[in-house]
Structures are given as structure tokens and as C-alpha cells.
$ cat protein13.txt   # compact mmCIF, C-alpha atoms
# COMPACT_ATOMS: atom_id res chain seq x y z
CA MET A 123 0.00 0.00 0.00
CA SER A 124 2.42 2.67 -1.03
CA GLU A 125 1.30 6.22 -1.61
CA ALA A 126 2.44 6.12 -5.22
CA VAL A 127 0.01 3.34 -6.17
CA ILE A 128 -2.97 5.33 -4.93
CA THR A 129 -1.81 8.48 -6.65
CA ASP A 130 -1.24 6.72 -9.96
CA THR A 131 -4.75 5.31 -10.01
CA ALA A 132 -6.13 8.67 -8.96
CA ASP A 133 -4.58 10.26 -12.01
CA VAL A 134 -6.44 7.97 -14.41
CA MET A 135 -9.61 7.78 -12.31
CA PRO A 136 -12.83 8.80 -14.03
CA VAL A 137 -14.45 11.96 -12.70
CA GLY A 138 -18.06 12.96 -11.97
CA THR A 139 -20.73 10.34 -11.33
CA GLN A 140 -18.60 7.62 -12.90
CA GLY A 141 -15.84 8.66 -10.53
CA VAL A 142 -18.15 8.15 -7.55
CA VAL A 143 -19.00 4.64 -8.73
CA ALA A 144 -15.35 3.90 -9.39
CA ASP A 145 -14.24 5.25 -5.98
CA PHE A 146 -16.79 3.24 -4.05
CA SER A 147 -16.42 -0.01 -6.02
CA ALA A 148 -12.66 -0.13 -6.57
CA ASP A 149 -12.11 -2.58 -3.69
CA LYS A 150 -9.62 -0.21 -2.03
CA GLN A 151 -9.48 3.10 -0.17
CA THR A 152 -12.61 5.04 -1.21
CA PHE A 153 -11.63 8.65 -0.57
CA GLN A 154 -8.56 9.81 -2.48
CA VAL A 155 -7.31 12.02 0.36
CA PRO A 156 -4.92 11.40 3.27
CA TRP A 157 -6.76 9.42 5.95
CA GLY A 158 -6.35 12.19 8.52
CA LYS A 159 -8.18 14.58 6.28
CA ALA A 160 -11.02 12.13 5.62
CA MET A 161 -11.39 11.50 9.35
CA MET A 162 -11.42 15.23 10.14
CA TRP A 163 -14.22 15.65 7.59
CA PHE A 164 -16.22 12.88 9.27
CA PHE A 165 -15.65 14.41 12.68
CA LEU A 166 -16.85 17.76 11.35
CA LEU A 167 -19.90 16.03 9.86
CA SER A 168 -20.81 14.63 13.28
CA ASP A 169 -20.24 18.07 14.79
CA THR A 170 -22.58 19.49 12.15
CA PHE A 171 -25.27 17.21 13.51
CA ILE A 172 -24.65 18.37 17.07
CA PHE A 173 -24.87 22.07 16.18
CA GLY A 174 -27.72 21.31 13.76
CA SER A 175 -29.67 19.67 16.57
CA PHE A 176 -28.98 22.60 18.91
CA LEU A 177 -30.20 25.11 16.35
CA THR A 178 -33.23 23.00 15.47
CA GLY A 179 -34.11 22.75 19.17
CA TYR A 180 -33.78 26.51 19.44
CA MET A 181 -36.06 26.97 16.41
CA THR A 182 -38.66 24.62 17.87
CA VAL A 183 -38.76 26.47 21.18
CA ARG A 184 -38.68 29.95 19.67
CA MET A 185 -41.59 29.04 17.37
CA SER A 186 -43.70 27.56 20.15
CA VAL A 187 -43.26 30.03 23.03
CA ARG A 188 -46.16 32.28 23.82
CA ASP A 189 -44.13 35.05 25.44
CA ALA A 190 -42.27 37.43 23.16
CA TRP A 191 -38.72 36.35 22.33
CA PRO A 192 -36.16 38.97 23.49
CA VAL A 193 -35.02 41.09 20.53
CA PRO A 194 -31.34 40.13 19.98
CA SER A 195 -30.68 43.44 18.23
CA GLU A 196 -31.50 45.28 21.48
CA VAL A 197 -30.20 42.69 23.95
CA PHE A 198 -26.76 42.70 22.31
CA ALA A 199 -26.57 46.42 21.66
CA LEU A 200 -23.57 48.22 23.08
CA SER A 201 -23.14 51.88 23.85
CA PHE A 202 -19.84 53.71 23.58
CA GLY A 203 -20.92 56.77 25.51
CA GLY A 204 -23.68 57.68 23.08
CA GLU A 205 -26.64 55.92 21.50
CA PRO A 206 -26.46 52.12 21.78
CA ILE A 207 -25.29 50.52 18.53
CA PRO A 208 -27.22 47.31 17.74
CA LEU A 209 -25.24 44.06 17.69
CA ILE A 210 -21.94 45.91 17.39
CA LEU A 211 -19.91 43.50 19.56
CA ILE A 212 -21.27 40.50 17.65
CA ALA A 213 -20.38 42.19 14.35
CA ILE A 214 -16.81 42.79 15.54
CA MET A 215 -16.58 39.16 16.70
CA THR A 216 -17.78 38.04 13.27
CA PHE A 217 -15.11 40.09 11.51
CA ILE A 218 -12.43 38.76 13.88
CA LEU A 219 -13.41 35.17 13.16
CA ILE A 220 -13.41 35.79 9.41
CA SER A 221 -9.98 37.39 9.65
CA SER A 222 -8.76 34.32 11.50
CA SER A 223 -10.13 32.11 8.72
CA GLY A 224 -8.16 34.19 6.21
CA THR A 225 -4.86 33.85 8.09
CA MET A 226 -5.54 30.12 8.47
CA ALA A 227 -6.05 29.68 4.73
CA MET A 228 -2.72 31.46 4.16
CA ALA A 229 -1.03 29.22 6.76
CA VAL A 230 -2.21 26.09 4.92
CA ASN A 231 -0.83 27.50 1.68
CA MET A 232 2.52 28.38 3.27
CA GLY A 233 2.69 24.95 4.88
CA TYR A 234 2.44 23.22 1.51
CA ARG A 235 5.07 25.58 0.11
CA GLY A 236 7.41 24.51 2.88
CA GLU A 237 7.65 28.03 4.31
CA LYS A 238 7.66 26.80 7.88
CA ASN A 239 8.24 30.12 9.60
CA LYS A 240 5.49 31.93 7.72
CA ALA A 241 3.09 29.04 8.31
CA PHE A 242 3.92 29.12 12.03
CA TRP A 243 3.37 32.84 12.44
CA LEU A 244 0.16 32.77 10.43
CA MET A 245 -1.13 29.99 12.67
CA MET A 246 -0.19 32.02 15.73
CA ALA A 247 -2.06 34.99 14.27
CA THR A 248 -5.06 32.71 13.78
CA ALA A 249 -4.80 31.52 17.40
CA ALA A 250 -4.53 35.14 18.59
CA PHE A 251 -7.70 36.07 16.69
CA GLY A 252 -9.38 33.03 18.25
CA ALA A 253 -8.29 34.07 21.74
CA MET A 254 -9.59 37.58 21.04
CA PHE A 255 -12.93 36.11 19.99
CA VAL A 256 -13.23 34.06 23.18
CA SER A 257 -12.29 37.08 25.33
CA MET A 258 -15.01 39.14 23.72
CA GLN A 259 -17.44 36.30 24.32
CA VAL A 260 -16.47 36.30 28.00
CA PHE A 261 -17.19 40.04 28.05
CA GLU A 262 -20.54 39.45 26.35
CA TRP A 263 -21.54 36.71 28.80
CA THR A 264 -20.50 38.79 31.81
CA LYS A 265 -22.52 41.77 30.60
CA LEU A 266 -25.54 39.58 29.97
CA ILE A 267 -25.38 37.80 33.32
CA VAL A 268 -24.39 40.72 35.57
CA GLU A 269 -26.04 43.71 33.93
CA GLU A 270 -29.01 42.27 32.05
CA GLY A 271 -29.82 39.50 34.53
CA VAL A 272 -30.07 36.75 31.92
CA ARG A 273 -30.17 33.26 33.43
CA PRO A 274 -30.70 29.84 31.82
CA TRP A 275 -34.11 29.70 33.50
CA GLY A 276 -35.32 33.22 32.84
CA ASN A 277 -34.61 36.84 32.01
CA PRO A 278 -36.31 40.21 32.40
CA MET A 279 -36.78 40.73 28.63
CA GLY A 280 -39.18 37.98 27.59
CA ALA A 281 -39.36 34.26 26.94
CA ALA A 282 -37.62 32.37 29.74
CA GLN A 283 -35.98 29.90 27.34
CA PHE A 284 -33.80 32.59 25.75
CA GLY A 285 -30.96 32.21 28.24
CA SER A 286 -30.67 28.44 28.12
CA PHE A 287 -30.35 28.43 24.33
CA PHE A 288 -28.01 31.37 24.28
CA PHE A 289 -25.63 29.88 26.83
CA MET A 290 -25.79 26.39 25.35
CA ILE A 291 -25.22 27.34 21.71
CA THR A 292 -22.66 30.11 22.11
CA GLY A 293 -21.00 28.22 24.95
CA PHE A 294 -20.53 25.10 22.86
CA HIS A 295 -19.20 27.23 20.02
CA GLY A 296 -16.86 29.09 22.37
CA LEU A 297 -15.58 25.74 23.61
CA HIS A 298 -14.80 24.80 20.01
CA VAL A 299 -12.88 28.05 19.52
CA SER A 300 -10.90 27.52 22.73
CA VAL A 301 -10.01 23.95 21.77
CA GLY A 302 -9.07 25.23 18.31
CA VAL A 303 -6.66 27.78 19.79
CA ILE A 304 -4.86 25.00 21.72
CA TYR A 305 -4.88 22.77 18.62
CA LEU A 306 -3.38 25.59 16.52
CA ILE A 307 -0.61 26.24 19.05
CA VAL A 308 0.30 22.53 19.25
CA VAL A 309 0.40 22.02 15.46
CA GLY A 310 2.03 25.41 14.88
CA ARG A 311 4.92 24.59 17.21
CA ARG A 312 5.38 21.27 15.42
CA VAL A 313 5.48 23.07 12.07
CA ARG A 314 8.23 25.38 13.30
CA SER A 315 10.29 22.63 14.90
CA GLY A 316 10.32 20.66 11.66
CA PHE A 317 8.33 17.79 13.19
CA TYR A 318 6.42 17.24 9.94
CA ASP A 319 9.63 16.98 7.89
CA ARG A 320 10.40 13.80 9.80
CA THR A 321 6.99 12.19 9.27
CA ARG A 322 5.43 10.97 6.06
CA GLY A 323 2.47 13.26 6.70
CA ASN A 324 4.21 16.36 5.40
CA TYR A 325 2.17 19.48 5.86
CA GLU A 326 -1.29 18.02 5.33
CA MET A 327 -1.62 18.34 9.13
CA VAL A 328 -1.78 22.12 8.69
CA GLU A 329 -4.64 21.66 6.24
CA ILE A 330 -6.44 19.29 8.63
CA THR A 331 -6.10 21.84 11.43
CA GLY A 332 -7.37 24.43 8.96
CA LEU A 333 -10.45 22.31 8.24
CA TYR A 334 -11.33 22.36 11.94
CA TRP A 335 -10.75 26.08 12.22
CA HIS A 336 -12.80 26.96 9.13
CA PHE A 337 -15.58 24.78 10.50
CA VAL A 338 -15.64 26.85 13.69
CA ASP A 339 -16.03 29.94 11.52
CA LEU A 340 -18.71 28.17 9.49
CA VAL A 341 -20.76 27.34 12.58
CA TRP A 342 -20.54 30.98 13.64
CA VAL A 343 -22.02 32.01 10.27
CA PHE A 344 -25.12 29.97 11.13
CA ILE A 345 -25.28 31.10 14.76
CA PHE A 346 -24.92 34.73 13.66
CA ALA A 347 -27.76 34.33 11.16
CA PHE A 348 -30.20 32.32 13.24
CA PHE A 349 -29.57 33.47 16.78
CA TYR A 350 -28.46 37.09 16.47
CA LEU A 351 -30.00 38.35 13.24
CA TRP A 352 -33.28 36.41 13.00
CA MET B 940 2.33 12.84 -4.67
CA ALA B 941 0.02 14.73 -7.02
CA GLN B 942 -2.90 14.27 -4.66
CA GLU B 943 -1.15 15.60 -1.57
CA SER B 944 0.21 18.71 -3.20
CA GLY B 945 -3.05 19.08 -5.12
CA GLN B 946 -4.44 21.63 -2.67
CA GLN B 947 -2.04 24.37 -3.72
CA HIS B 948 -3.75 27.37 -5.13
CA PRO B 949 -2.56 30.88 -5.86
CA LEU B 950 -2.72 33.15 -2.83
CA SER B 951 -4.86 35.66 -4.71
CA ILE B 952 -7.89 33.36 -4.55
CA TYR B 953 -7.75 33.38 -0.73
CA PHE B 954 -7.50 37.17 -0.62
CA TRP B 955 -10.50 37.41 -2.91
CA ILE B 956 -12.62 35.09 -0.79
CA TRP B 957 -11.45 36.81 2.37
CA GLY B 958 -12.60 40.15 0.99
CA LEU B 959 -15.89 38.70 -0.20
CA LEU B 960 -16.57 37.23 3.25
CA PHE B 961 -15.94 40.64 4.80
CA VAL B 962 -18.33 42.31 2.38
CA LEU B 963 -21.02 39.65 2.91
CA SER B 964 -20.67 39.90 6.69
CA PHE B 965 -20.97 43.65 6.44
CA PHE B 966 -24.15 43.22 4.38
CA SER B 967 -25.65 40.79 6.91
CA TYR B 968 -24.88 43.23 9.70
CA MET B 969 -26.53 45.99 7.65
CA VAL B 970 -29.72 43.89 7.49
CA ASP B 971 -29.96 44.40 11.24
CA TYR B 972 -28.61 47.93 11.31
CA MET B 973 -31.08 49.13 8.66
CA ASN B 974 -33.80 47.36 10.62
CA PHE B 975 -35.28 45.42 7.68
CA GLN B 976 -38.24 43.35 8.83
CA GLY B 977 -40.39 40.46 7.64
CA ALA B 978 -39.79 38.39 4.53
CA LEU B 979 -37.11 40.75 3.21
CA ARG B 980 -35.06 40.37 6.41
CA TRP B 981 -35.29 36.57 6.44
CA THR B 982 -34.48 36.26 2.74
CA LEU B 983 -31.42 38.50 3.00
CA ILE B 984 -30.17 36.73 6.14
CA LEU B 985 -30.46 33.33 4.45
CA VAL B 986 -28.91 34.48 1.16
CA PHE B 987 -25.86 36.02 2.85
CA MET B 988 -25.56 33.04 5.20
CA PHE B 989 -25.54 30.46 2.42
CA LEU B 990 -23.14 32.51 0.28
CA LYS B 991 -20.70 32.78 3.19
CA ALA B 992 -21.07 29.09 4.07
CA GLY B 993 -20.51 28.12 0.44
CA LEU B 994 -17.35 30.21 0.13
CA ILE B 995 -15.90 28.85 3.38
CA VAL B 996 -16.63 25.19 2.58
CA GLY B 997 -15.86 25.44 -1.14
CA ILE B 998 -12.70 27.53 -1.19
CA PHE B 999 -11.23 27.77 2.31
CA MET B 1000 -11.94 24.11 3.10
CA HIS B 1001 -11.02 23.14 -0.49
CA MET B 1002 -14.21 21.15 -1.02
CA ALA B 1003 -14.55 22.54 -4.55
CA TRP B 1004 -11.39 20.64 -5.57
CA GLU B 1005 -12.22 17.34 -3.89
CA ARG B 1006 -13.55 14.33 -5.76
CA LEU B 1007 -17.32 13.95 -6.01
CA ALA B 1008 -17.31 10.87 -3.75
CA LEU B 1009 -16.05 12.94 -0.78
CA LYS B 1010 -18.32 15.88 -1.63
CA LEU B 1011 -21.39 13.63 -1.57
CA ALA B 1012 -20.31 11.75 1.58
CA ILE B 1013 -19.94 15.01 3.52
CA LEU B 1014 -22.57 17.30 2.00
CA MET B 1015 -25.50 14.90 1.60
CA PRO B 1016 -25.98 13.71 5.22
CA PRO B 1017 -26.74 17.25 6.53
CA LEU B 1018 -29.84 17.16 4.32
CA ALA B 1019 -31.27 14.84 6.99
CA LEU B 1020 -31.16 17.90 9.27
CA MET B 1021 -33.52 19.64 6.85
CA VAL B 1022 -36.02 16.82 7.43
CA LEU B 1023 -35.59 17.31 11.20
CA VAL B 1024 -36.15 21.07 10.82
CA TRP B 1025 -39.30 20.42 8.79
CA LEU B 1026 -40.66 17.93 11.34
CA MET B 1027 -39.88 20.18 14.30
CA ALA B 1028 -41.41 23.24 12.63
CA TYR B 1029 -44.63 21.25 12.30
CA GLU B 1030 -44.39 20.18 15.92
CA ALA B 1031 -43.67 23.73 17.11
CA ASP B 1032 -46.72 25.11 15.29
CA TYR B 1033 -48.87 22.52 17.01
CA THR B 1034 -47.37 23.23 20.44
CA PHE B 1035 -47.88 26.95 19.96
CA LEU B 1036 -51.51 26.43 18.96
CA THR B 1037 -52.09 24.20 21.98
CA ARG B 1038 -50.60 26.80 24.29
CA ILE B 1039 -52.84 29.52 22.86
CA VAL B 1040 -55.89 27.27 23.27
CA PHE B 1041 -55.12 26.37 26.88
CA PHE B 1042 -53.48 29.52 28.23
CA GLY B 1043 -55.01 32.23 26.05
CA GLU B 1044 -53.18 34.83 24.00
CA GLY B 1045 -52.16 37.68 26.26
CA ALA B 1046 -52.68 36.69 29.91
CA PRO B 1047 -49.65 35.72 31.97
CA LEU B 1048 -48.92 32.02 32.28
CA PRO B 1049 -49.96 30.25 35.49
CA VAL B 1050 -46.28 29.54 36.26
CA HIS B 1051 -44.03 32.40 35.34
CA HIS B 1052 -40.38 32.93 36.15
$ encode --input "protein13.txt" --output "C-alpha cells"
Amino acid sequence: MSEAVITDTADVMPVGTQGVVADFSADKQTFQVPWGKAMMWFFLLSDTFIFGSFLTGYMTVRMSVRDAWPVPSEVFALSFGGEPIPLILIAIMTFILISSSGTMAMAVNMGYRGEKNKAFWLMMATAAFGAMFVSMQVFEWTKLIVEEGVRPWGNPMGAAQFGSFFFMITGFHGLHVSVGVIYLIVVGRRVRSGFYDRTRGNYEMVEITGLYWHFVDLVWVFIFAFFYLW
Amino acid sequence: MAQESGQQHPLSIYFWIWGLLFVLSFFSYMVDYMNFQGALRWTLILVFMFLKAGLIVGIFMHMAWERLALKLAILMPPLALMVLVWLMAYEADYTFLTRIVFFGEGAPLPVHH
């Protein structure tokens, strides 16, 4: 089972629907990607179902409550001395996460080019953006709990279920970001130390880490749309 | 090693997508800032959301360059979630109706926190 055999067949493999049939019936490895990458994709698929179930549960409750749902635009407004600006902190958090996705994409590219130092620093920049995101989330939670009196079992603004869904969904996402920051630091240090030069894996590990990080950004796109904007 | 080094694309494509994601995020924020309501709001939110999701999965996660077998294996199962959403939307409508019937429209609930 050498790498070259797989690659050679991949080069002459049919594409499109015929390619799907060929991949699944070839009596060998189905997905023509490094196994680590395939497994990360399957992990992310299972994570999609977790977040999907959370958001579906939130939809079900929000549709069926009789009390008015708190208006996110007002709940998450922030004032810098003057008139409160709606959702401003969430908007900044969104831009931070997108910036981190950009630096991550660059890191993957630099990894494959063998520019270890650039890849390392780009991954550290990504981790720094992630840490910034989590810090702002801590600020947001503190404000909501201390100043607005939001609890998982009730709040002064409306439907009692608001808090439980807010803390569960953003908390689980924040956990993913925090884990991602640690993951980035671990893999980034290995990139710099030349760890991946000594293994067969090369720099696909940077791309696998990138998959996880982009997924975290992807989930935020859905949370931003359904929880904050809707 | 053609497959392994296959995910090498010019940097410019990432800068483009990065910029596009910024613009789309700005637009989705504007939906709230401009206080659009009703069908227009929901349509815009969904359009911007799916565009952003597509760009992230397709370009940043390189799904656009993967073989169809992997694309189908990863992108088809989430369709089951759409069935769940549809079922639960039905259920939620029914629950809401039941609550209105039993507790009335405006009066406070018997147990209120």
C-alpha cells in the first residue's frame, strides 16, 4: 500500500458520477485524500449534527413560546458613551473570526510551500484572533449575566428559554474556539520545529487543522444568522 | 504525490474570498442595522448566510477541488437535518396552537419565572 500506487490510479480515475461509482467499487481506499483529512471531515460532519440539533431545538422552542422572544438586536446592543449601537460587539466578533479564517487559509498554503516560519506565524495569528474572539465572548456573557440578569431559567426581557439556548449554543461554540486555539498552538509549534519533515504526513496536518478552524467559523455564520439576526 | 500537493492554489484566490466574506458579513450586519423586517429580512439573512457558508466550505476548506465521492459523503448527510427542521417546525406550530388554546393569547402564564 504505497502512496504512489494510490496516486497513480487517482490520475487515471474517471471523474463525476462515474468517478463516484469507481471510488466506491474499486475494492480499495474510497476517498482519495490522506486518511487524517477524511477523518477530520467525518468528525466535522458529526459536529454538524450536534450544532444542527442545537439550532433545530432553538427553532422549535422559539416558534412555540407564547411570550415574546427577546429582541437580539436590542439585547446585544452596546453603547460607547452615546446611543447604543445594535449588535456591534457580535459584528466585531464576526469580523475577527473571518480574519482568523483568512490567516488560516494562508497558513495552509505556506505549509504546503514549505515556508515553515510563515506558516507558524500565520497559525499564531489565527490563534490570537481566536483568543480575542473568546475574550469578547467572556465580556458578552458577563454583561448579559451581571447587567441584564439573563439566566438559563429566565430573564427580564421575555421568553424564559432565551438564556438556556443562548448559553448552550454560544457556549458550545466558544468551547470549540478555545479547543481550536490550543490545537493551533500545538500544530504550529510542530510546524516550526520541523516535526512534519520527519513524518510521512508532510504538511497536510496544517490543512487538517485548517479544516477544523474553518468549521468553527462556518458554525458561527449559522449562529450569527439564526440566533443574532433572525 | 500529485494528490497531496493538489491543494495548492494561488494566494490571490484566498485574498478574494477573504474580501468577499468581509463584504457579505458587512451586508448581513446591515440587514440588522437598517432594521429590515419580515420576509425581506429573512431572505437577506439566508442568502448572505448560504453565500458565506458556500465560500468557506468550497474555497477555504477546499471542497470545490475534492472528488465527487467525498463531496457527496460530507454534503449529503446534513440534508437529513432539513427533514428534522421540517418535522420540528410542524411540531412547534402545534405546540404553539395548543398553548394559545389552553393559556389564552395575552394573559400571563400560570407559572411564570
$ closest_atom_pairs --input "protein13.txt" --of "chain B" --to "chain A" --cutoff "7 Å" --atoms "only C-alpha atoms" --output "CSV"
residue,atom,partner,partner_atom,distance
B:Met940,CA,A:Thr129,CA,6.3
B:Ala941,CA,A:Thr129,CA,6.5
B:Gln942,CA,A:Thr129,CA,6.2
B:Ser944,CA,A:Tyr234,CA,6.9
B:Gln947,CA,A:Asn231,CA,6.4
B:Tyr953,CA,A:Ala227,CA,6.8
B:Trp957,CA,A:Gly224,CA,5.7
B:Phe961,CA,A:Phe217,CA,6.8
B:Tyr968,CA,A:Ala213,CA,6.6
B:Asp971,CA,A:Leu351,CA,6.4
B:Tyr972,CA,A:Pro208,CA,6.6
B:Trp981,CA,A:Trp352,CA,6.9
B:Ile984,CA,A:Ala347,CA,6.1
B:Met988,CA,A:Val343,CA,6.3
B:Ala992,CA,A:Leu340,CA,6.0
B:Ile995,CA,A:Leu340,CA,6.8
B:Phe999,CA,A:Ala227,CA,6.0
B:Met1000,CA,A:Leu333,CA,5.6
B:Leu1007,CA,A:Val142,CA,6.1
B:Ala1008,CA,A:Val142,CA,4.7
B:Leu1009,CA,A:Phe153,CA,6.2
B:Ile1013,CA,A:Leu167,CA,6.4
B:Leu1020,CA,A:Gly174,CA,6.6
B:Val1024,CA,A:Thr178,CA,5.8
B:Met1027,CA,A:Thr182,CA,5.8
B:Ala1028,CA,A:Thr182,CA,6.1
B:Ala1031,CA,A:Ser186,CA,4.9
B:Asp1032,CA,A:Ser186,CA,6.2
B:Thr1034,CA,A:Ser186,CA,5.7
B:Phe1035,CA,A:Ser186,CA,4.2
B:His1052,CA,A:Gly276,CA,6.1
$ write_last_selection --input "protein13.txt" --atoms "C-alpha atoms" --output "compact mmCIF listing (two decimals), in the frame of the given file"
# COMPACT_ATOMS: atom_id res chain seq x y z
CA MET B 940 2.33 12.84 -4.67
CA ALA B 941 0.02 14.73 -7.02
CA GLN B 942 -2.90 14.27 -4.66
CA SER B 944 0.21 18.71 -3.20
CA GLN B 947 -2.04 24.37 -3.72
CA TYR B 953 -7.75 33.38 -0.73
CA TRP B 957 -11.45 36.81 2.37
CA PHE B 961 -15.94 40.64 4.80
CA TYR B 968 -24.88 43.23 9.70
CA ASP B 971 -29.96 44.40 11.24
CA TYR B 972 -28.61 47.93 11.31
CA TRP B 981 -35.29 36.57 6.44
CA ILE B 984 -30.17 36.73 6.14
CA MET B 988 -25.56 33.04 5.20
CA ALA B 992 -21.07 29.09 4.07
CA ILE B 995 -15.90 28.85 3.38
CA PHE B 999 -11.23 27.77 2.31
CA MET B 1000 -11.94 24.11 3.10
CA LEU B 1007 -17.32 13.95 -6.01
CA ALA B 1008 -17.31 10.87 -3.75
CA LEU B 1009 -16.05 12.94 -0.78
CA ILE B 1013 -19.94 15.01 3.52
CA LEU B 1020 -31.16 17.90 9.27
CA VAL B 1024 -36.15 21.07 10.82
CA MET B 1027 -39.88 20.18 14.30
CA ALA B 1028 -41.41 23.24 12.63
CA ALA B 1031 -43.67 23.73 17.11
CA ASP B 1032 -46.72 25.11 15.29
CA THR B 1034 -47.37 23.23 20.44
CA PHE B 1035 -47.88 26.95 19.96
CA HIS B 1052 -40.38 32.93 36.15
$ closest_residue --input "protein13.txt" --among "B:Gly958, B:Gly997, B:Pro1016, B:Ser967" --to "Leu985 (chain B)" --atoms "all atoms listed in the file"
B:Ser967
$ atom_distance --input "protein13.txt" --atom1 "CA of Gly1043 (chain B)" --atom2 "CA of Gly280 (chain A)"
16.9 Å
$ residues_around --input "protein13.txt" --residues "region 251-256 of chain A" --least-positions-apart "2" --cutoff "8 Å" --atoms "only C-alpha atoms" --output "PyMOL selection string"
chain A and resi 215+218-219+221-222+247-249+258-260+296+299-300+302-303
$ write_last_selection --input "protein13.txt" --atoms "C-alpha atoms" --output "CSV table (one decimal), keeping the file's coordinate frame"
chain,number,residue,atom,x,y,z
A,215,MET,CA,-16.6,39.2,16.7
A,218,ILE,CA,-12.4,38.8,13.9
A,219,LEU,CA,-13.4,35.2,13.2
A,221,SER,CA,-10.0,37.4,9.6
A,222,SER,CA,-8.8,34.3,11.5
A,247,ALA,CA,-2.1,35.0,14.3
A,248,THR,CA,-5.1,32.7,13.8
A,249,ALA,CA,-4.8,31.5,17.4
A,258,MET,CA,-15.0,39.1,23.7
A,259,GLN,CA,-17.4,36.3,24.3
A,260,VAL,CA,-16.5,36.3,28.0
A,296,GLY,CA,-16.9,29.1,22.4
A,299,VAL,CA,-12.9,28.0,19.5
A,300,SER,CA,-10.9,27.5,22.7
A,302,GLY,CA,-9.1,25.2,18.3
A,303,VAL,CA,-6.7,27.8,19.8
$ atom_distance --input "protein13.txt" --atom1 "CA of Phe289 (chain A)" --atom2 "CA of Val197 (chain A)"
13.9 Å
$ closest_residue --input "protein13.txt" --among "A:Leu211, A:Val193, A:His298, A:Val272" --to "Asn974 (chain B)" --atoms "only C-alpha atoms"
A:Val193
$ residues_around --input "protein13.txt" --residues "Leu963 (chain B)" --least-positions-apart "4" --cutoff "7 Å" --atoms "all atoms listed in the file" --output "list in words"
Leu959, Ser967, Phe987 and Lys991 of chain B
$ atom_distance --input "protein13.txt" --atom1 "CA of Gln283 (chain A)" --atom2 "CA of Tyr180 (chain A)"
8.9 Å
